[in-house]
Structures are given as C-alpha cells and as structure tokens.
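**Student:** PDB, C-alpha atoms and all ligand atoms, file my_file-v7.pdb:
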```pdb
ATOM      1  CA  MET A   1      17.097 -29.973  26.104
ATOM      2  CA  ALA A   2      16.830 -26.588  24.476
ATOM      3  CA  LEU A   3      13.659 -24.661  24.868
ATOM      4  CA  GLN A   4      11.565 -24.530  21.756
ATOM      5  CA  LYS A   5      11.549 -21.184  20.006
ATOM      6  CA  GLU A   6       8.349 -19.246  20.467
ATOM      7  CA  MET A   7       5.789 -20.119  17.803
ATOM      8  CA  LYS A   8       5.051 -17.227  15.498
ATOM      9  CA  ILE A   9       1.528 -16.279  14.577
ATOM     10  CA  CYS A  10       0.067 -14.734  11.433
ATOM     11  CA  TYR A  11      -0.103 -10.924  11.633
ATOM     12  CA  TRP A  12      -3.639 -10.950  10.207
ATOM     13  CA  CYS A  13      -5.550 -13.890  11.707
ATOM     14  CA  GLY A  14      -3.374 -15.225  14.523
ATOM     15  CA  LYS A  15      -3.083 -18.757  13.115
ATOM     16  CA  LEU A  16       0.303 -20.439  13.111
ATOM     17  CA  ALA A  17       2.619 -18.607  10.709
ATOM     18  CA  THR A  18       4.164 -20.587   7.867
ATOM     19  CA  SER A  19       6.025 -17.815   6.046
ATOM     20  CA  VAL A  20       6.682 -14.106   6.042
ATOM     21  CA  GLU A  21       4.768 -11.385   4.262
ATOM     22  CA  HIS A  22       6.561  -8.299   2.985
ATOM     23  CA  PHE A  23       4.942  -4.973   3.661
ATOM     24  CA  PRO A  24       4.560  -3.227   1.377
ATOM     25  CA  PRO A  25       4.832  -5.924  -1.343
ATOM     26  CA  LYS A  26       8.437  -6.657  -2.269
ATOM     27  CA  GLY A  27       7.665  -6.228  -5.981
ATOM     28  CA  ILE A  28       7.206  -2.468  -5.698
ATOM     29  CA  PHE A  29      10.876  -2.015  -4.730
ATOM     30  CA  PRO A  30      13.424  -1.767  -7.556
ATOM     31  CA  SER A  31      16.143  -4.361  -6.969
ATOM     32  CA  GLU A  32      18.719  -1.764  -5.837
ATOM     33  CA  HIS A  33      16.303  -0.430  -3.196
ATOM     34  CA  ARG A  34      15.631  -3.503  -1.106
ATOM     35  CA  LYS A  35      17.550  -2.685   2.044
ATOM     36  CA  ASN A  36      16.113  -4.470   5.106
ATOM     37  CA  LEU A  37      12.568  -4.749   3.763
ATOM     38  CA  LEU A  38       9.885  -5.005   6.435
ATOM     39  CA  THR A  39       8.199  -8.341   7.044
ATOM     40  CA  VAL A  40       5.648  -9.874   9.375
ATOM     41  CA  PRO A  41       4.938 -13.556  10.037
ATOM     42  CA  SER A  42       2.027 -14.837   7.985
ATOM     43  CA  CYS A  43      -0.082 -17.950   7.321
ATOM     44  CA  ASP A  44      -0.481 -19.265   3.754
ATOM     45  CA  GLU A  45      -3.867 -17.646   3.339
ATOM     46  CA  HIS A  46      -2.592 -14.190   4.259
ATOM     47  CA  ASN A  47       0.608 -14.350   2.305
ATOM     48  CA  SER A  48      -0.010 -12.754  -1.052
ATOM     49  CA  ALA A  49       3.462 -12.846  -2.576
ATOM     50  CA  ASN A  50       3.272 -11.970  -6.274
ATOM     51  CA  SER A  51      -0.477 -11.657  -6.239
ATOM     52  CA  LYS A  52      -2.281  -9.891  -9.048
ATOM     53  CA  THR A  53      -3.389  -7.145  -6.689
ATOM     54  CA  ASP A  54       0.251  -6.398  -5.875
ATOM     55  CA  GLU A  55       1.135  -6.059  -9.558
ATOM     56  CA  ARG A  56      -1.855  -3.853 -10.279
ATOM     57  CA  PHE A  57      -1.084  -1.689  -7.274
ATOM     58  CA  ARG A  58       2.471  -1.279  -8.536
ATOM     59  CA  PHE A  59       1.093  -0.301 -11.938
ATOM     60  CA  LEU A  60      -1.134   2.371 -10.371
ATOM     61  CA  LEU A  61       1.797   3.774  -8.396
ATOM     62  CA  HIS A  62       4.196   3.843 -11.329
ATOM     63  CA  ALA A  63       1.973   4.816 -14.250
ATOM     64  CA  PRO A  64       1.689   8.497 -13.154
ATOM     65  CA  GLU A  65       5.519   8.580 -12.964
ATOM     66  CA  PRO A  66       5.764  10.251  -9.549
ATOM     67  CA  SER A  67       9.578  10.129  -9.646
ATOM     68  CA  GLU A  68      12.444   9.312 -11.992
ATOM     69  CA  LEU A  69      12.946   6.061 -10.140
ATOM     70  CA  ALA A  70       9.296   5.066 -10.550
ATOM     71  CA  LYS A  71       9.452   5.957 -14.231
ATOM     72  CA  LYS A  72      12.532   3.809 -14.767
ATOM     73  CA  TRP A  73      11.049   0.852 -12.870
ATOM     74  CA  TYR A  74       7.794   1.232 -14.804
ATOM     75  CA  GLU A  75       9.602   0.969 -18.127
ATOM     76  CA  GLU A  76      11.832  -1.916 -17.068
ATOM     77  CA  LYS A  77       9.460  -4.097 -15.100
ATOM     78  CA  THR A  78       5.966  -2.896 -14.245
ATOM     79  CA  LYS A  79       4.760  -2.501 -17.810
ATOM     80  CA  LYS A  80       5.862  -6.014 -18.760
ATOM     81  CA  ALA A  81       4.050  -7.623 -15.833
ATOM     82  CA  ILE A  82       0.808  -5.809 -16.429
ATOM     83  CA  TYR A  83       0.655  -6.353 -20.196
ATOM     84  CA  ARG A  84       0.831 -10.142 -19.875
ATOM     85  CA  GLU A  85      -2.043 -12.132 -21.344
ATOM     86  CA  GLU A  86      -3.605 -12.933 -17.944
ATOM     87  CA  GLU A  87      -3.966  -9.209 -17.256
ATOM     88  CA  ARG A  88      -5.744  -8.579 -20.552
ATOM     89  CA  VAL A  89      -9.160  -7.903 -18.984
ATOM     90  CA  PHE A  90      -7.672  -5.437 -16.491
ATOM     91  CA  MET A  91      -5.792  -3.573 -19.236
ATOM     92  CA  GLU A  92      -8.852  -3.535 -21.497
ATOM     93  CA  GLY A  93     -10.754  -1.833 -18.696
ATOM     94  CA  ILE A  94      -7.981   0.743 -18.381
ATOM     95  CA  ALA A  95      -7.913   1.310 -22.162
ATOM     96  CA  LYS A  96     -11.686   1.645 -22.376
ATOM     97  CA  THR A  97     -11.876   4.332 -19.692
ATOM     98  CA  SER A  98      -8.739   6.257 -20.657
ATOM     99  CA  LYS A  99      -9.153   9.907 -21.533
ATOM    100  CA  PRO A 100      -6.481  12.390 -22.523
ATOM    101  CA  ILE A 101      -6.233  15.610 -20.555
ATOM    102  CA  ASP A 102      -6.113  18.226 -23.275
ATOM    103  CA  ASP A 103      -5.923  21.382 -21.229
ATOM    104  CA  ILE A 104      -2.708  20.437 -19.445
ATOM    105  CA  PRO A 105      -0.183  19.568 -22.172
ATOM    106  CA  GLY A 106       2.295  16.857 -21.262
ATOM    107  CA  ILE A 107       0.264  15.541 -18.331
ATOM    108  CA  GLY A 108      -1.114  12.575 -20.232
ATOM    109  CA  GLY A 109      -4.494  11.192 -19.320
ATOM    110  CA  THR A 110      -6.823   9.669 -16.802
ATOM    111  CA  PHE A 111      -8.425   6.259 -16.454
ATOM    112  CA  ILE A 112     -10.863   4.572 -14.104
ATOM    113  CA  PHE A 113      -9.996   1.569 -11.957
ATOM    114  CA  GLU A 114     -11.455  -0.378  -9.052
ATOM    115  CA  ALA A 115     -10.610   1.235  -5.703
ATOM    116  CA  THR A 116     -10.249  -2.253  -4.185
ATOM    117  CA  ILE A 117      -6.768  -2.504  -5.716
ATOM    118  CA  ILE A 118      -5.619   0.341  -3.493
ATOM    119  CA  ASN A 119      -7.860  -0.388  -0.508
ATOM    120  CA  ASP A 120      -6.809  -4.031  -0.244
ATOM    121  CA  THR A 121      -3.089  -3.268  -0.461
ATOM    122  CA  ILE A 122      -3.247  -0.417   2.042
ATOM    123  CA  GLU A 123      -5.301  -2.624   4.389
ATOM    124  CA  LYS A 124      -2.644  -5.303   4.259
ATOM    125  CA  ILE A 125       0.236  -2.963   5.055
ATOM    126  CA  THR A 126      -1.780  -1.110   7.701
ATOM    127  CA  ARG A 127      -2.569  -4.372   9.507
ATOM    128  CA  ALA A 128       1.072  -5.435   9.158
ATOM    129  CA  ALA A 129       2.273  -2.132  10.645
ATOM    130  CA  PHE A 130      -0.224  -2.550  13.496
ATOM    131  CA  TYR A 131       1.172  -5.994  14.260
ATOM    132  CA  ARG A 132       4.713  -4.669  14.115
ATOM    133  CA  HIS A 133       4.077  -1.795  16.506
ATOM    134  CA  SER A 134       1.489  -3.266  18.870
ATOM    135  CA  GLY A 135       2.400  -6.969  18.849
ATOM    136  CA  SER A 136      -1.299  -7.790  18.435
ATOM    137  CA  ILE A 137      -3.440  -8.934  15.548
ATOM    138  CA  SER A 138      -6.172  -6.651  14.200
ATOM    139  CA  LEU A 139      -8.706  -9.292  13.179
ATOM    140  CA  GLY A 140     -12.227  -7.851  13.320
ATOM    141  CA  MET A 141     -11.075  -4.263  13.629
ATOM    142  CA  GLU A 142     -12.774  -1.896  11.218
ATOM    143  CA  TYR A 143     -10.467  -0.536   8.537
ATOM    144  CA  ARG A 144     -10.702   2.570   6.362
ATOM    145  CA  CYS A 145      -8.482   4.114   3.746
ATOM    146  CA  PHE A 146      -8.085   7.692   2.488
ATOM    147  CA  TYR A 147      -6.024   9.192  -0.309
ATOM    148  CA  THR A 148      -6.097  12.087  -2.731
ATOM    149  CA  CYS A 149      -3.343  11.166  -5.193
ATOM    150  CA  PHE A 150      -5.988   9.158  -7.099
ATOM    151  CA  PRO A 151      -9.216  11.178  -7.034
ATOM    152  CA  ASP A 152     -12.454   9.284  -6.453
ATOM    153  CA  THR A 153     -15.582   9.736  -8.576
ATOM    154  CA  ASP A 154     -17.361  10.754  -5.352
ATOM    155  CA  PRO A 155     -16.504  14.363  -4.396
ATOM    156  CA  ALA A 156     -17.627  13.810  -0.785
ATOM    157  CA  TYR A 157     -14.997  11.106  -0.393
ATOM    158  CA  ASN A 158     -12.321  13.372  -1.890
ATOM    159  CA  GLU A 159     -13.156  16.133   0.555
ATOM    160  CA  MET A 160     -13.005  13.796   3.536
ATOM    161  CA  ALA A 161      -9.747  12.266   2.286
ATOM    162  CA  PHE A 162      -8.206  15.723   1.876
ATOM    163  CA  LYS A 163      -9.118  16.676   5.451
ATOM    164  CA  THR A 164      -7.930  13.361   6.915
ATOM    165  CA  LEU A 165      -4.581  13.620   5.144
ATOM    166  CA  GLU A 166      -4.129  17.193   6.306
ATOM    167  CA  LEU A 167      -4.771  16.108   9.912
ATOM    168  CA  ALA A 168      -2.264  13.266   9.712
ATOM    169  CA  ARG A 169       0.431  15.391   8.035
ATOM    170  CA  THR A 170       0.275  18.005  10.768
ATOM    171  CA  ASP A 171      -0.201  15.641  13.725
ATOM    172  CA  GLU A 172       2.892  16.044  15.904
ATOM    173  CA  LYS A 173       2.189  12.803  17.729
ATOM    174  CA  MET A 174       2.761  10.729  14.615
ATOM    175  CA  ILE A 175       5.829   8.504  15.067
ATOM    176  CA  GLN A 176       8.321   7.844  12.299
ATOM    177  CA  GLY A 177       8.163   4.204  11.160
ATOM    178  CA  ASP A 178      11.240   2.109  10.518
ATOM    179  CA  ALA A 179      11.174   1.619   6.745
ATOM    180  CA  GLU A 180      14.692   1.827   5.297
ATOM    181  CA  ASN A 181      14.037   2.698   1.645
ATOM    182  CA  PRO A 182      12.240   6.040   2.035
ATOM    183  CA  GLN A 183      12.599   6.944  -1.642
ATOM    184  CA  ILE A 184      10.201   4.078  -2.371
ATOM    185  CA  PHE A 185       8.236   3.685   0.851
ATOM    186  CA  ASP A 186       8.075   5.442   4.183
ATOM    187  CA  TYR A 187       5.463   5.697   6.912
ATOM    188  CA  LYS A 188       4.418   7.400  10.111
ATOM    189  CA  TYR A 189       1.941   6.043  12.594
ATOM    190  CA  ARG A 190       0.019   6.845  15.723
ATOM    191  CA  LEU A 191      -1.372   4.258  18.098
ATOM    192  CA  ASP A 192      -3.757   5.406  20.789
ATOM    193  CA  GLU A 193      -6.580   3.928  22.804
ATOM    194  CA  ASN A 194      -9.157   3.956  20.042
ATOM    195  CA  THR A 195      -7.363   4.116  16.731
ATOM    196  CA  PHE A 196      -4.285   3.166  14.795
ATOM    197  CA  VAL A 197      -3.488   5.633  12.030
ATOM    198  CA  VAL A 198      -0.773   5.195   9.447
ATOM    199  CA  LEU A 199       0.384   7.700   6.861
ATOM    200  CA  HIS A 200       1.957   5.581   4.118
ATOM    201  CA  LYS A 201       4.139   7.363   1.569
ATOM    202  CA  PHE A 202       5.264   5.955  -1.769
ATOM    203  CA  HIS A 203       7.861   7.738  -3.911
ATOM    204  CA  VAL A 204       7.804  10.598  -1.367
ATOM    205  CA  VAL A 205       4.615  12.124  -2.852
ATOM    206  CA  GLN A 206       1.940   9.405  -3.033
ATOM    207  CA  GLU A 207       0.217   9.415   0.345
ATOM    208  CA  PHE A 208      -2.361   6.986   1.751
ATOM    209  CA  ILE A 209      -3.983   6.895   5.174
ATOM    210  CA  GLY A 210      -4.789   3.521   6.669
ATOM    211  CA  LEU A 211      -6.985   3.598   9.744
ATOM    212  CA  LEU A 212      -7.988   0.845  12.171
ATOM    213  CA  LYS A 213     -10.651   1.289  14.815
ATOM    214  CA  LEU A 214      -9.524  -0.538  17.911
ATOM    215  CA  LYS A 215     -12.931  -0.614  19.583
TER     216      LYS A 215
HETATM  217 ZN    ZN B 301      -3.479 -15.579   8.505
END
```
Mind turning this structure into structure tokens?
Ligand SMILES: [Zn+2]
**Tutor:**
Amino acid sequence: MALQKEMKICYWCGKLATSVEHFPPKGIFPSEHRKNLLTVPSCDEHNSANSKTDERFRFLLHAPEPSELAKKWYEEKTKKAIYREEERVFMEGIAKTSKPIDDIPGIGGTFIFEATIINDTIEKITRAAFYRHSGSISLGMEYRCFYTCFPDTDPAYNEMAFKTLELARTDEKMIQGDAENPQIFDYKYRLDENTFVVLHKFHVVQEFIGLLKLK
C-alpha cells in the first residue's frame, strides 16, 4: 500500500487546505505575464479568488498608470471590472473625493479610498510569503504595512512609512524572492528571530512593506 501524501494545511490558519491561493492575486497579472505564479495551500475561508478587494486593489495599482503595461491592462480589463453595477458604491466614493491636480499639468488627480483595500491585500501576500519561506503559519502574529506610493492623510504615518521603506531598500540582508514576473510583481524578504519583513514591488515602482512580528 502506498503511503498517503502529506496533508497540506492552510497558509493562514493551519486548517486542512482545500485549494490554493495565488499570491499576489492572479487577477493583477495580464494574461501574457502569468509564468509560474506563486501559490500557497489554503482553506475555503482564506481563499479569496476573485474577491472584491482583489479587484479594487488592482484598480488602485493600475489607475495611476505606473507603467505602459499597467496602463494597457487598466484599459482592457481593470476598468471594466470596477465599473460594474456591484461596484457602484465604491466608484461613487472615488468620484465624490476626486480632485484634479492643477499645478502639475498632465498628472491627473487624486482621490480618497479606504486603506483596508491595500492593507488587507498586503497582509495576505505577506502571510503567504512567510509560509513559503518559513514553512510555518503566522496566525496571531501582529502585522503592519507601510507604503508611500499612496500618501496617507496622516503625515506621521507617511514619515514612518518613508523611513521604513528606506531601511528595507538599503538592507543588504534582504533576500530576493522567487517571483517570476518581475515586471508585474517582485519581492525581497528578511526572516530573523523577531520579525519577517517583505518589500513587495508592483510594476517595478509601487513598493509596499509587509511586516510580521514573530514574538
Ligand atoms: Zn485558512
């Protein structure tokens, strides 16, 4: 009799896995840039394939048009998904808070959105990366997120985010991750006794720090 294959557990909670979760969400990759996407085993509860948060996150990444590729994907796919009827309330919020930037011609405008869209997505991919590189789940570990590509309304946060990003960028102990579509997503990480730090990069220029406190 053959030995049973080892049971896989959910990267987030440790329950029996029933599927795989892509990290970052598959939907942010244009179809021609889906080479060996990263996955972790996941339970139903922690698999968020095609969730609204994923679509909104993609919208936030693409709307500022950080690259030609992002711009193209925004026009072809992202815009359609986000302007559907069920996203009406979200888009109304965006429309209501939109302001043009007059002093920088061609730049466009700004709008206000809930930081949870970014925080939740970065938490998911940070916990997935932790599972991938440590083999352990991160349930109960405190998580924090820092970024400057979308300024916060709180200047103190922006200052701390700027400093944290600078530290991660220049940290020589950061290890290159194994994402294979670096034009869309790439990451570096550092795992030590107390913390797990990941520098996530989208479209080469959009950077987010995900941090887990191990103790
Ligand atoms: Zn789970």
**Student:** Box along x, y and z, 4 Å on every side, all listed atoms of range 38-56 of chain A inside: centre and edge lengths in Å to one decimal, as JSON.
**Tutor:**
```
{"center_x": 3.0, "center_y": -11.6, "center_z": -0.1, "size_x": 21.8, "size_y": 23.4, "size_z": 28.3}
```
**Student:** Name each residue within 12 Å of ligand ZN 301 (chain B), counting only C-alpha atoms and all ligand atoms, as a ChimeraX atom specification.
**Tutor:** /A:8-21,40-48,124,127-128,137-139
**Student:** Can you list what the PyMOL selection byres (((chain A and resi 141) around 12) and not hetatm) grabs from this structure, as a PyMOL selection string?
**Tutor:** chain A and resi 12-13+123+126-127+130+136-140+142-144+194-196+211-215
**Student:** Just the selected residues (C-alpha atoms), exported as a compact mmCIF listing (two decimals), in the coordinates of the input, please.
**Tutor:**
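Result written to part_10.txt:
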```txt
# COMPACT_ATOMS: atom_id res chain seq x y z
CA TRP A 12 -3.64 -10.95 10.21
CA CYS A 13 -5.55 -13.89 11.71
CA GLU A 123 -5.30 -2.62 4.39
CA THR A 126 -1.78 -1.11 7.70
CA ARG A 127 -2.57 -4.37 9.51
CA PHE A 130 -0.22 -2.55 13.50
CA SER A 136 -1.30 -7.79 18.43
CA ILE A 137 -3.44 -8.93 15.55
CA SER A 138 -6.17 -6.65 14.20
CA LEU A 139 -8.71 -9.29 13.18
CA GLY A 140 -12.23 -7.85 13.32
CA GLU A 142 -12.77 -1.90 11.22
CA TYR A 143 -10.47 -0.54 8.54
CA ARG A 144 -10.70 2.57 6.36
CA ASN A 194 -9.16 3.96 20.04
CA THR A 195 -7.36 4.12 16.73
CA PHE A 196 -4.28 3.17 14.80
CA LEU A 211 -6.98 3.60 9.74
CA LEU A 212 -7.99 0.84 12.17
CA LYS A 213 -10.65 1.29 14.82
CA LEU A 214 -9.52 -0.54 17.91
CA LYS A 215 -12.93 -0.61 19.58
```
**Student:** For the PyMOL selection byres (((chain A and resi 94) around 12) and not hetatm), applied here, can you spell out every residue it catches as a list in words?
**Tutor:**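 Output of the PyMOL selection byres (((chain A and resi 94) around 12) and not hetatm): Arg56, Phe59, Leu60, Ala63, Ile82, Tyr83, Glu87, Arg88, Val89, Phe90, Met91, Glu92, Gly93, Ala95, Lys96, Thr97, Ser98, Lys99, Gly109, Thr110, Phe111, Ile112, Phe113 and Glu114 of chain A.
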**Student:** Using CA of Ala70 in chain A and CA of His203 in chain A as the two end points, give the distance in Å to one decimal.
**Tutor:**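 Distance reported for this atom pair: 7.3 Å.
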